[in-house]
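J.: Have a look at the structure that comes next, please.
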Amino acid sequence: MSTAALIPQSKLPALGTNIFSQMSALAQKHNAINLSQGFPDFDGPEYLRQQLSVHVAAGSNQYAPMTGTPALRNAIADKTEQAYGYRPDAESDITITSGATEALYIAITALVSQGDEVISFDPSYDCYAPAVQLAGGISRRIQLQPPEFKVDWAHFADQITDRTKVIIINTPHNPTATAWSKQDVDRLWQIIAERNIFVISDEVYEHICFAKQGHASVLLHPQLRQRAITVSSFGKTFHMTGWRVGYCLAPAAISAELRKIHQFLTFAITTPVQLALADMLREHPEHWQELPEFYQAKRDRLAQGLAKSRLKVLPSEGTYFLLVDYSEVSDLDDVAFCQWLVEHVGVAAIPLSVFCAEPFPHKLVRLCFAKKEATLDAAAERLCQL
C-alpha cells in the first residue's frame, strides 16, 4: 500500500488566496497605509461594545436559537419597517447568519441546482461565482462599463434563458461605488416578472448610500420582494467587521430552505453579540440613520485630498469605496500597479480586474475611505506625490 500523502481533487482549482488577503499582507510587509481591504481602522460604537460585556457577564453564553435570538430578529423587523415601510415576519422571514458571506452562500446553495444559470454583474464581489460553482450552477456574468457602470437592460434581457434561475444584484455596489435607482429595480422586475427567476440582493451597504434618490432596496418593491433574498451586514453598519454577523430576509417559503442549510453550516451565531446588536438597534437607531452623512464626510475628505494629484477620482454614490483612474500615472495593468503602489508609494489599493471574469483593461483601482481622518490625509499626501 502506498504511503504517499493523498491530495484531494480541488472543487475550486482556479482559486487561490483572495486579493484582499494578498494586499493586506503586502501592506503589512511594506508598512504601507492600507486602503485596500474594506474594514475601518476605528472602533464601533461604545454603547454596542459595552452591551456585549453586559450580556457576557449576565451569562448569555450558550447557543442562540438557530434562526437568531428573538430580540435581534424583532429589532431587525422594526428597523426594516422604519427604513422601507415593510415589516417582515420576525419569526419566519429573518435569519441571522455568520456575516453577509454566509447569507450569500446559503442563498445561492438553496436556490441553485445542477445546470442552473445565475446572472451577476461584473465587476462583482468575489464570493458569488465560487458559491455558484459549488452548487453546480453556471455563472453568466454581464460586464458593466466605466465610468457609469450602468446596466444595459436590453442586453440583460437578451442574456436570460430558460435555464436562468437567479439574478444576483448588489447595491450600493462594491467595487464600483455606484447605486441602483428605483427605475433600475422596476426595469429588473419588468423583465423577469413572467419568469420563474429569483433575486439575491446584496445590500450590505444599504445605509452607506449617498445617491440623491436614496437606497433602492428590493424591499421597496412589493412584487419583487416576494421572490427575493435580501442580505445585510451589521459589520458594515456598525464598523465591527470582526464580529461577523449579518442576516438574510426572505419570504417564509424561501427562508425555510435557507435555514435547512444554515443549521448545518453554522447553526447559531454568537449569543451575546446578537443581544448587544438588538440593544443597539433599539436604543440608538440614529446610528444607522446618520451613517450616510458620516461616511460622505470621509469620502469628501479623501476626494479633496486627491484633487491636486494625477489621479482622476470617479463619483462615489455609496459603499465606503472610491475609484481612481491612474492612467496619467502609469501604463502598468491594475494588478501590477497596485503591487508597485504598495512597494514604492506605501499605499495599498485593490485592482478592479480581479472582480471580473472577462478582461478589464481599464486603469482603475479601489480605495477604502472607512478610515480615520489622519489615515486618509496621510494616504492622500503620498498619492499626491505620484
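Just so we're on the same page: first chain in the C-alpha cells is A, next is B, and so on; residues restart at 1 for each chain, and ligands are numbered from 1 in the order they show up.
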Taking 6 positions as the minimum chain separation for residues in the same chain, which residues sit within 7 Å of range 125-129 of chain A when counting only C-alpha atoms? Answer as a PDB file with N, CA, C and O atoms, in the first residue's frame.
T.:
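Here's the written file out_8.pdb:
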ATOM      1  N   SER A 139     -22.295  30.397 -13.982  1.00  0.00           N
ATOM      2  CA  SER A 139     -22.294  31.851 -13.857  1.00  0.00           C
ATOM      3  C   SER A 139     -22.355  32.512 -15.224  1.00  0.00           C
ATOM      4  O   SER A 139     -21.573  32.172 -16.124  1.00  0.00           O
ATOM      5  N   ASN A 174     -20.225  47.217  -4.622  1.00  0.00           N
ATOM      6  CA  ASN A 174     -18.804  47.002  -4.396  1.00  0.00           C
ATOM      7  C   ASN A 174     -18.267  46.177  -5.571  1.00  0.00           C
ATOM      8  O   ASN A 174     -18.795  45.071  -5.811  1.00  0.00           O
ATOM      9  N   PHE A 355     -12.244  41.466 -10.029  1.00  0.00           N
ATOM     10  CA  PHE A 355     -13.682  41.287  -9.832  1.00  0.00           C
ATOM     11  C   PHE A 355     -14.395  40.892 -11.124  1.00  0.00           C
ATOM     12  O   PHE A 355     -15.626  40.864 -11.157  1.00  0.00           O
TER      13      PHE A 355
END
J.: For His362 in chain A, please output as an mmCIF file with C-alpha atoms, in the first residue's frame all residues within 12 Å (counting only C-alpha atoms; exclusion window: fewer than 4 positions along the same chain).
T.:
data_model
loop_
_atom_site.group_PDB
_atom_site.id
_atom_site.type_symbol
_atom_site.label_atom_id
_atom_site.label_comp_id
_atom_site.auth_asym_id
_atom_site.auth_seq_id
_atom_site.Cartn_x
_atom_site.Cartn_y
_atom_site.Cartn_z
ATOM 1 C CA PRO A 123 -17.129 43.853 -11.531
ATOM 2 C CA LEU A 144 -20.561 46.838 -16.788
ATOM 3 C CA GLN A 145 -18.544 49.601 -18.409
ATOM 4 C CA PRO A 146 -16.860 52.522 -16.665
ATOM 5 C CA PRO A 147 -17.223 55.225 -15.679
ATOM 6 C CA LEU A 323 -12.418 54.547 -7.546
ATOM 7 C CA VAL A 324 -9.475 56.373 -9.059
ATOM 8 C CA ASP A 325 -8.184 56.332 -12.627
ATOM 9 C CA TYR A 326 -4.363 56.160 -12.679
ATOM 10 C CA SER A 327 -3.927 56.326 -16.486
ATOM 11 C CA SER A 330 1.341 54.534 -15.156
ATOM 12 C CA ASP A 331 0.961 52.150 -18.093
ATOM 13 C CA LEU A 332 1.016 49.114 -15.786
ATOM 14 C CA ASP A 333 -2.050 46.892 -15.594
ATOM 15 C CA ASP A 334 -4.075 47.357 -12.427
ATOM 16 C CA VAL A 335 -2.690 44.318 -10.562
ATOM 17 C CA PHE A 337 0.147 48.941 -10.429
ATOM 18 C CA PRO A 351 -7.327 46.329 -8.653
ATOM 19 C CA LEU A 352 -10.752 46.114 -10.297
ATOM 20 C CA SER A 353 -9.844 43.434 -12.822
ATOM 21 C CA VAL A 354 -9.918 40.752 -10.096
ATOM 22 C CA CYS A 356 -14.246 40.389 -13.495
ATOM 23 C CA GLU A 358 -13.514 38.858 -18.767
#
J.: With a distance cut-off of 9 Å and only C-alpha atoms, select the neighbouring residues of Asn196 in chain A, excluding the residue or stretch itself and same-chain residues fewer than 2 positions from it, and output the selection as an MDAnalysis selection string.
T.: chainID A and resid 164:166 192:194 198
J.: From the options A:Phe210, A:Phe321, A:Tyr205, A:Tyr105, which residue's atoms come nearest to Ala135 in chain A, counting only C-alpha atoms?
T.: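 Once distances to Ala135 in chain A are computed over only C-alpha atoms, the minimum belongs to A:Tyr105.
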J.: So, counting only C-alpha atoms, which residue among A:Ala268, A:Pro251, A:Gly242, A:Cys368 is closest to Arg299 in chain A?
T.: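 Among the listed residues, A:Cys368 lies closest to Arg299 in chain A.
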J.: Can you list every residue in range 178-292 of chain A that DSSP puts in alpha helix (DSSP H), as a PyMOL selection string?
T.: chain A and resi 182-192+234-237+252-262+271-283+286-289+291-292
J.: Residues at most 12 Å from Ser10 in chain A, counting only C-alpha atoms, excluding those fewer than 5 positions away in the same chain, as a list in words?
T.: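 Answer for this query is Leu15, Gly16 and Leu134 of chain A.
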J.: Can you tell me, as a ChimeraX atom specification, what residues are no more than 12 Å from Ala307 in chain A when counting only C-alpha atoms, ignoring any on the same chain fewer than 4 positions away?
T.: /A:300-303,311-314,324,380-381,383-384
J.: Write a file of the selected residues as a short mmCIF file (atom, residue, chain, number, x, y, z; two decimals), in the first residue's frame, keeping C-alpha atoms.
T.:
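again.cif, freshly written:
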data_model
loop_
_atom_site.label_atom_id
_atom_site.label_comp_id
_atom_site.auth_asym_id
_atom_site.auth_seq_id
_atom_site.Cartn_x
_atom_site.Cartn_y
_atom_site.Cartn_z
CA ASP A 300 -15.22 64.01 0.50
CA ARG A 301 -12.08 64.33 2.63
CA LEU A 302 -10.22 61.72 0.60
CA ALA A 303 -11.54 63.08 -2.72
CA LEU A 311 -5.33 60.51 -10.18
CA LYS A 312 -8.84 61.05 -11.53
CA VAL A 313 -11.46 60.45 -8.86
CA LEU A 314 -14.71 58.84 -10.01
CA VAL A 324 -9.47 56.37 -9.06
CA ALA A 380 -3.66 61.41 0.09
CA GLU A 381 -0.32 63.11 0.75
CA LEU A 383 -0.68 59.68 -3.58
CA CYS A 384 -0.27 63.35 -4.49
#
J.: When you count only C-alpha atoms, which of these residues is closest to Ala77 in chain A: A:Lys298, A:Arg382, A:Arg244, A:Arg282?
T.: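 Answer, going by the shortest atom-to-atom distance: A:Arg282.
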J.: Please identify all polymer residues within 7 Å of Gly115 in chain A, counting only C-alpha atoms, omitting same-chain residues fewer than 6 positions from it, and present them as a ChimeraX atom specification.
T.: /A:136-138
J.: List the spatial neighbours of Ala14 in chain A as number ranges by chain - criterion: any atom at most 12 Å away, only C-alpha atoms, same-chain residues fewer than 2 positions off excluded.
T.: A: 9-12, 16-18, 129-130, 133, 357
J.: For Tyr247 in chain A, which of A:Val342, A:Ile106, A:Ala25, A:Ala370 is the closest residue, counting only C-alpha atoms?
T.: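 Of A:Val342, A:Ile106, A:Ala25, A:Ala370, the one nearest Tyr247 in chain A is A:Ile106, counting only C-alpha atoms.
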J.: Go through A:His344, A:Thr319, A:Thr67, A:Cys338 and flag the residue nearest Lys260 in chain A, using only C-alpha atoms for the distances.
T.: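 Checking each of A:His344, A:Thr319, A:Thr67, A:Cys338 against Lys260 in chain A, counting only C-alpha atoms, the winner is A:Thr67.
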J.: For His155 in chain A, which of A:Ala179, A:Phe121, A:Glu328, A:Ile208 is the closest residue, counting only C-alpha atoms?
T.: A:Phe121
J.: Could you tell me how far CA of Met240 in chain A lies from CA of Gln82 in chain A, in Å and to one decimal?
T.: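 Distance reported for this atom pair: 22.6 Å.
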